[in-house]
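Visitor: Just passing along the structure, written as structure tokens.
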Amino acid sequence: MNSLVLLILIIAGGALLSYFGHKINKILGNITVFAVALIIPIYWFTQVDFTETVSFTVSGFHMELGYNMYGKLFSMIVMILSPLALIYAIGYMKDQKKLATFYFSFLFSILGMTGILMSRDFVSLFIFWEIMTWSSYLLVIFLGKDVQKTGIKYMVFSAIGAYAMLMAIVIIYKNTGSMMLSDYFGSFAGFTLQTKLLTGILLLLGFAVKSAVMPLHVWAPGAYSNTPMAYTSVFSGALSKMGIYGLGFVVVNLFAQANLEIVGYVLAWMGAITAVLATFSAVFQHDAKKLLAYSSIAQLGYIVTGIGIGTELSIMAGLYLAVLHAAFKGVLFMVVGAVERQAGTTDMNVVSGLARKMPFTFFTALIAIIALAGIPPLGGFVGKWMLYESLINNSNFLMVIMIFLSSTAAFLYCFKFLFGLFLGQQEPEFDHVKEASPVMIIPMLLLSVFLLVTGAYPGIVFKYVAEGMTNLGFHDVNWQMSVLTNAWGDSVNVQHVYLSVVVVFVAFLIFITWRGYKHSTKISTKDISSSGEMIKPEDNMTYAMDFYKPFQRVLQPILKWKINKYYEDFGKGLEALFDFMRRIYTGNGQTYAVYVIIFLAILLIFSKSIFGY
Amino acid sequence: MVITDPVYFIALPLLTAFLLPLFGKIYKPLIGIIPGLVFAFLAYISFDLYLNLVPGKPIIIQMAGWAPPWGINLVFSEFSGLIVTLITFLAFLVWVYSYNFKKVGFDNSKKYFTLLMLMVAGSIGVVLTGDIFNMFVFLEITAIYSYGLTAFYKGRDSAEAAFKYLLLGSLSSVFILLAILLLYKQVGTLNMADIAVKAQSIDPKMKSIIAILFFVGLGIEAEMFPMNGWVPDAYSQAPGPVAASFAGMLAKSGIYALIRVFYTVLEVKGVFDLLLIMGLLTIIFAEFSAMRQKHLRRMLAYSSIGQMGLIMVAFSFNTKAGIFAGLFLMFNHAIIKTLLFLSSGFLTYSTKQKKIRDLDGFGKIMPFTSLMFGLGAFAIVGLPPFSGFWGKLNMLVATADSNLYFVIALILLVAVVEIVYYFKVIGRLYFRQQHKDVEVHNPTWNAILAMSILAIVIIGVGIYPDLITDYLTKATNELFDKAGYIHSVLPNLSLN
């Protein structure tokens with residue numbers, strides 16, 4: 001049997017098995033989930049034949065599944081992150097009810113993502129896209145928080161995106177007579193400008209919603225933070241990348257080919273604005289979940305900028321950041337989940353000093369934060385460097401400033417996150433907190449190891465990025481091509497710079513550890529000296545409250561402008577309109593009869609203009 | 001088969017309906033059993049006839065031996081046969097569902113099944129007949145028994161709903177009758193094929209007046225805006241299975257009559273543009289009103305109107321792709337809306353006010369019914385992998401085919417609204433804490449059976465739509481081929 005079809009069947013079967021397993025009993029269910037989480041990636045990495053295709057005709061539409069290298073790159077994110085998140089979920093969701101629904105939706109969203117990345121035609125792309133949407137919707141409202149607000153917001157934005165895509169699809173079908181992506185790419189140049197823009201922008205809109213580009217991002221903070229964290233790591237890590245996947249081929253394969261780089265450029269600007277504003281919002285969140293949610297939006301903004309610029313280097317940077325973002329944001333959401341489960345809250349005004357209680361969690365969080373902030377020696381640095389370089393090469397200096405501003409401001413929330421949850425003084429009310437269970441720790445550690453390894457050897461990721469880019473029309477891509485040139489014309493390969501930085505950093509780390517070890521003494525976090533004033537043990541001197549207050553005061557005018565409010569007003573206006581329209585149905589029989597008579601009269605009076613006589 | 005003859009579709013339920021009280025006198029449970037047997041038989045022969053239909057050769061029955069255009073004839077073609085099969089299949093499922101519907105005592109069930117059989121007979125008659133006056137008669141039969149079924153619960157609200165329905169229904173009858181009268185005066189025949197041949201000679205002014213009367217009269221039956229005021233009341237006050245059969249059969253026969261008249265009988269320029277505009281208005285007003293409903297059944301009723309509007313839009317393109325999409329939507333609407341009404345029957349049965357907000361947390365206490373409702377909601381908003389998706393996709397492809405991009409945008413915008421109100425209900429069913437002191441009425445085994453069959457059809461067609469596309473294509477060709485219809489009804493006529 002075809003390995004792609006079998007892959008789909010394995011995931012769907014896994015979903016059903018986990019569903020019924022959990023219906024029967026929890027232990028059986030967890031064993032099934034664990035087995036499924038192992039089988040899917042093992043099958044994908046060992047058995048799936050990436051050259052294979054399968055095609056069938058359904059309801060007159062020709063559909064075809066088959067990988068290309070670009071899809072494979074994104075599949076790799078899905079196939080590494082989601083099984084780990086599934087395993088993590090076994091521990092994280094232990095005390096929850098309705099686990100059958102949870103794992104069913106979880107696996108179906110994996111099915112949706114897997115399908116999207118192997119779809120070669122629009123019908124199957126759309127089908128899998130919608131499967132992904134409704135399964136993730138079920139998970140967004142899974143905990144029953146803000147069902148009518150957050151859940152509906154997510155669904156409305158997803159539906160707007162999906163239907164924009166659907167509209168593009170049917171117009172494309174009308175113009176090309178085929179649903180194949182390749183036929184669309186092939187004939188795009190021959191379309192009229194109007195059709196080009198209409199179909200392309202509608203497709204962009206569809207993908208942009210999932211990748212949370214402003215102003216289509218308002219669903220994201222609520223949805224990311226209301227979902228059980230085990231799924232949010234996939235949601236932010238992998239699912240949002242489906243949007244990036246689509247943006248990539250639309251910008252590069254369509255608009256750049258048709259000399260409409262301007263569209264990509266606009267998109268890049270939107271990405272940059274997203275990055276800046278979302279970062280600012282993230283800085284002032286006091287709930288760690290919300291902080292990470294905004295940070296996800298900001299990070300996706302970088303990626304969108306990279307894709308939108310559309311040069312070889314910028315796309316490479318974007319895709320590389322996409323892979324890394326999946327890994328570090330996957331870890332961070334798992335970390336927050338672990339804290340939530342062990343300490344009972346993720347409010348950074350309340351929790352503090354968990355580093356000693358949850359050392360492994362702290363370690364993984366630290367690694368992920370370093371990667372996120374783009375500090376060498378971890379991988380985020382390379383990605384950001386390349387992004388800057390590509391922007392500078394294109395003389396987009398204003399955009400460089402914005403990205404730079406955003407990633408500098410990102411340090412603020414990175415520190416706040418670490419400090420708020422893990423550092424500071426340990427409070428007695430969190431004395432009972434223990435390290436999370438191994439089922440949760442191991443996936444986090446594995447992802448951190450991935451981050452460390454790719455930090456030292458970014459080439460591992462770049463190899464696949466370069467492979468993937470062949471499908472976007474860029475051949476012989478290599479990360480070593482990122483080259484620094486100084487004013488005197490000397491050039492130096494960034495790889496050498498990078499490796500030197502790594503070596504110096506590691507050497508320094510070893511040095512201070514060795515030096516410091518001799519003199520170290522163990523003290524409690526309450527061991528604080530002050531000038532004259534006596535501090536009692538219960539006094540907390542290191543609050544995470546009102547972090548960055550002056551900064552907030554400065555930014556107040558920008559942050560006051562909340563697009564969310566406009567959407568809500570718009571929604572309210574619509575509801576009022578609907579209410580008004582509803583009143584046409586008065587509930588009075590006579591009125592209805594009068595409508596009929598009036599309608600008949602109108603038709604008779606205007607029959608000449610309607611029927612011509 | 002020996003006894004497969006389309007006459008049974010009408011004769012058998014009519015006869016049984018009148019004999020039903022007699023059977024009841026003999027042995028009480030027969031009241032419930034006999035209709036089931038009849039519906040099962042009808043479903044069986046319709047499948048048998050339909051599957052053995054030779055393309056291009058519809059089965060034509062001449063009543064009382066009078067050949068058309070003088071006698072009344074029944075036409076069981078790929079198109080009408082499809083609708084009849086759908087109706088009988090749904091009728092059988094409705095019977096399965098309501099076989100021991102608890103509230104229905106002996107007297108009531110006698111009344112219920114009698115009225116139901118007559119309504120089914122009427123709906124089938126509308127679809128099968130080849131005679132325009134006969135169509136009017138069947139429309140009347142259907143309407144009258146529907147009034148009765150609407151008022152079934154004898155309460156004030158049901159009576160009011162039935163009265164509104166009656167008011168608009170009688171207007172509809174007047175207009176249709178008037179149209180037929182004028183038409184007869186012009187062409188001197190009542191046979192649809194014969195009229196179609198002679199219609200070219202009608203004075204265009206008169207023709208447009210006839211068309212308008214038909215449009216308004218049949219528009220009321222087909223739930224067209226602004227003449228659909230009766231729908232929300234009738235659907236929400238009638239018993240659950242009756243509302244299901246209104247959506248599945250009554251509305252279907254109404255829209256069938258509308259498109260048969262304008263596709264085959266009367267060719268009037270401009271009528272399809274009018275249908276497009278009215279269809280769009282129907283969708284917009286219905287879906288927007290549905291958004292603000294507090295009662296589950298009223299919400300479903302408005303959503304049902306919206307679907308009918310979509311079907312009208314699909315047929316208004318007057319292209320093969322449009323008809324195909326319209327038929328697909330009709331199939332979906334019949335199956336999915338029936339499932340929604342059947343499951344909502346049990347959901348609202350357990351609440352006093354039948355409001356949506358009473359349904360919090362029902363997913364836990366009525367898992368099966370809620371699951372069925374959720375499935376239906378997913379399917380009707382057009383999410384894959386359920387059958388609703390293929391209908392919507394084909395519909396949009398047909399719209400793009402006719403170059404009506406703004407219609408695509410409009411349909412999709414309204415679909416977003418549709419998603420919102422259906423998902424609000426799902427959110428309440430599954431992700432809210434339940435209210436206290438809820439009386440739970442778990443569905444009976446036969447209701448579970450009926451709903452499961454519908455669910456299987458929805459998923460089956462959703463995963464593999466080619467199960468039905470062949471039949472839909474055939475029906476499309478039949479409806480589009482006007483000359484073929486005339487030729488097969490009047491074989492001796494030489495078209496020149």
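The way I read the labels, and the way they are meant: chains A, B, ... in the order of the structure tokens, residue 1 as the first residue of every chain, and ligand 1 as the first ligand shown, with later ones counted on from there.
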Show me, as a ChimeraX atom specification, every residue of chain A with an atom at most 7 Å from chain B, counting only C-alpha atoms.

Guide: /A:58-59,127,130-131,141-142,144,147-148,152,156,159-160,163,167,170-171,174,578-579,581-582,585,589,592-593,595-596,600,603-604,607,610-611,613

Visitor: Keeping only N, CA and C atoms, take the residues you just selected and write them out as a compact mmCIF listing (two decimals), in the first residue's frame.

Guide:
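The file below, out.txt, is the result:
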# COMPACT_ATOMS: atom_id res chain seq x y z
N VAL A 58 -12.15 12.59 -6.91
CA VAL A 58 -13.33 12.56 -6.06
C VAL A 58 -14.27 13.66 -6.51
N SER A 59 -15.50 13.29 -6.77
CA SER A 59 -16.52 14.25 -7.15
C SER A 59 -16.05 15.14 -8.30
N ILE A 127 -9.35 20.60 2.52
CA ILE A 127 -9.96 19.61 3.41
C ILE A 127 -9.11 19.45 4.67
N GLU A 130 -9.21 22.47 6.94
CA GLU A 130 -10.41 22.59 7.77
C GLU A 130 -10.41 21.56 8.89
N ILE A 131 -9.90 20.37 8.60
CA ILE A 131 -9.80 19.36 9.67
C ILE A 131 -8.92 19.90 10.79
N ILE A 141 -11.32 25.36 23.11
CA ILE A 141 -12.38 25.51 24.10
C ILE A 141 -12.42 24.33 25.07
N PHE A 142 -11.38 23.47 25.00
CA PHE A 142 -11.44 22.23 25.77
C PHE A 142 -11.62 22.46 27.26
N GLY A 144 -13.06 24.83 28.71
CA GLY A 144 -14.31 25.50 29.04
C GLY A 144 -14.14 26.93 29.48
N VAL A 147 -15.57 30.11 26.44
CA VAL A 147 -15.96 29.35 25.26
C VAL A 147 -16.54 30.27 24.19
N GLN A 148 -17.47 31.14 24.66
CA GLN A 148 -18.19 31.93 23.67
C GLN A 148 -17.36 33.07 23.15
N ILE A 152 -15.13 31.39 19.91
CA ILE A 152 -15.81 31.89 18.72
C ILE A 152 -14.89 32.82 17.94
N VAL A 156 -14.12 32.28 14.16
CA VAL A 156 -14.49 33.28 13.16
C VAL A 156 -13.28 33.65 12.31
N ALA A 159 -12.38 30.85 10.12
CA ALA A 159 -13.34 30.68 9.04
C ALA A 159 -13.13 31.75 7.98
N ILE A 160 -12.86 32.98 8.42
CA ILE A 160 -12.62 34.04 7.43
C ILE A 160 -11.39 33.67 6.59
N TYR A 163 -12.24 30.65 4.33
CA TYR A 163 -13.16 30.95 3.24
C TYR A 163 -12.52 31.87 2.22
N MET A 167 -12.45 30.83 -1.58
CA MET A 167 -12.84 31.70 -2.69
C MET A 167 -11.73 31.75 -3.73
N VAL A 170 -11.78 28.46 -5.77
CA VAL A 170 -12.77 28.28 -6.84
C VAL A 170 -12.49 29.23 -8.00
N ILE A 171 -11.95 30.41 -7.70
CA ILE A 171 -11.62 31.31 -8.82
C ILE A 171 -10.46 30.74 -9.62
N LYS A 174 -11.74 28.06 -11.79
CA LYS A 174 -12.44 28.62 -12.95
C LYS A 174 -11.44 29.04 -14.02
N PHE A 578 -28.08 42.59 12.87
CA PHE A 578 -28.82 41.34 12.75
C PHE A 578 -30.14 41.42 13.51
N ASP A 579 -30.04 42.05 14.69
CA ASP A 579 -31.25 42.16 15.49
C ASP A 579 -32.30 42.97 14.75
N MET A 581 -32.51 43.26 11.51
CA MET A 581 -33.02 42.49 10.38
C MET A 581 -33.99 41.41 10.83
N ARG A 582 -33.70 40.89 12.01
CA ARG A 582 -34.57 39.85 12.55
C ARG A 582 -35.99 40.37 12.73
N TYR A 585 -39.10 39.59 10.68
CA TYR A 585 -40.00 38.49 11.05
C TYR A 585 -40.71 38.90 12.33
N GLY A 589 -48.97 37.12 11.73
CA GLY A 589 -49.43 36.49 10.49
C GLY A 589 -49.88 37.50 9.45
N TYR A 592 -47.03 39.08 7.65
CA TYR A 592 -46.43 38.19 6.67
C TYR A 592 -47.27 38.18 5.39
N ALA A 593 -48.60 38.14 5.58
CA ALA A 593 -49.48 38.13 4.41
C ALA A 593 -49.29 39.42 3.61
N TYR A 595 -46.57 41.18 3.47
CA TYR A 595 -45.30 41.07 2.74
C TYR A 595 -45.53 40.40 1.40
N VAL A 596 -46.29 39.30 1.45
CA VAL A 596 -46.51 38.54 0.22
C VAL A 596 -47.19 39.41 -0.82
N LEU A 600 -45.74 40.65 -4.38
CA LEU A 600 -46.44 40.38 -5.64
C LEU A 600 -46.66 41.68 -6.40
N LEU A 603 -43.46 42.93 -7.93
CA LEU A 603 -43.10 42.15 -9.11
C LEU A 603 -43.96 42.55 -10.30
N LEU A 604 -45.26 42.74 -10.05
CA LEU A 604 -46.15 43.09 -11.16
C LEU A 604 -45.82 44.47 -11.70
N SER A 607 -42.52 44.31 -13.57
CA SER A 607 -42.34 43.13 -14.41
C SER A 607 -41.66 43.50 -15.71
N ILE A 610 -38.02 43.44 -15.06
CA ILE A 610 -37.50 42.12 -14.70
C ILE A 610 -37.58 41.17 -15.90
N PHE A 611 -38.75 41.10 -16.50
CA PHE A 611 -38.96 40.10 -17.54
C PHE A 611 -38.91 40.69 -18.95
N TYR A 613 -41.22 42.55 -20.22
CA TYR A 613 -42.55 42.87 -20.74
C TYR A 613 -43.44 43.46 -19.65

Visitor: Please provide the set of residues having any atom within 8 Å of Gln307 (chain B), restricted to only C-alpha atoms, with same-chain residues fewer than 5 positions apart removed, written as a list of chain:residue names.

Guide: B:Ile283, B:Leu329, B:His333

Visitor: Export N, CA and C atoms of the chosen residues as a PDB file, in the first residue's frame?

Guide:
ATOM      1  N   ILE B 283     -30.993  34.056   1.864  1.00  0.00           N
ATOM      2  CA  ILE B 283     -29.847  33.605   2.666  1.00  0.00           C
ATOM      3  C   ILE B 283     -29.502  34.659   3.709  1.00  0.00           C
ATOM      4  N   LEU B 329     -26.814  20.214  -2.774  1.00  0.00           N
ATOM      5  CA  LEU B 329     -27.251  20.953  -1.590  1.00  0.00           C
ATOM      6  C   LEU B 329     -28.592  20.435  -1.092  1.00  0.00           C
ATOM      7  N   HIS B 333     -29.094  19.111   2.511  1.00  0.00           N
ATOM      8  CA  HIS B 333     -30.049  19.761   3.393  1.00  0.00           C
ATOM      9  C   HIS B 333     -31.047  18.745   3.920  1.00  0.00           C
TER      10      HIS B 333
END

Visitor: Which residues come within 9 Å of Val439 (chain A), counting only C-alpha atoms, excluding same-chain residues fewer than 3 positions away, as a PyMOL selection string?

Guide: chain A and resi 87-92+436+442-443

Visitor: Give me, as JSON, numbers by chain, the residues of region 348-452 of chain A that a backbone DSSP run labels helix (DSSP H, G or I).

Guide: {"A": [359, 360, 361, 362, 363, 364, 365, 366, 367, 368, 369, 370, 371, 372, 373, 380, 381, 382, 383, 384, 385, 386, 387, 388, 389, 390, 391, 392, 393, 397, 398, 399, 400, 401, 402, 403, 404, 405, 406, 407, 408, 409, 410, 411, 412, 413, 414, 415, 416, 417, 418, 419, 420, 421, 422, 428, 429, 430, 438, 439, 440, 441, 442, 443, 444, 445, 446, 447, 448, 449, 450, 451, 452]}

Visitor: Between B:Ser158, B:Ser109, B:Ser98, B:Ser303, which has the minimum distance to Trp445 (chain B) (counting only C-alpha atoms)?

Guide: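 Among the listed residues, B:Ser98 lies closest to Trp445 (chain B).
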
Visitor: Provide the CA of Ala456 (chain A) to CA of Ser236 (chain A) distance in Å, to one decimal place.

Guide: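 That distance, rounded to one decimal, is 24.6 Å.
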
Visitor: Out of B:Ile72, B:Leu479, B:Leu359, B:Val7, which residue has the shortest atom-to-atom distance to Ile259 (chain B) when counting only C-alpha atoms?

Guide: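 So, comparing all the options, the nearest one is B:Leu479.
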
Visitor: Set the distance at 10 Å and use only C-alpha atoms: which residues neighbour Leu181 (chain B) once local chain neighbours fewer than 6 positions away are removed? I'd like the list as a PyMOL selection string.

Guide: chain B and resi 133+175+188+190+210

Visitor: Go ahead and save the picked residues with C-alpha atoms, as a compact mmCIF listing (two decimals), in the first residue's frame.

Guide:
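Saved result, part.txt, follows:
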# COMPACT_ATOMS: atom_id res chain seq x y z
CA PHE B 133 -53.24 21.08 -12.07
CA PHE B 175 -51.76 32.51 -6.69
CA GLY B 188 -55.70 24.99 -23.42
CA LEU B 190 -52.68 21.21 -18.33
CA ILE B 210 -48.22 33.91 -15.07
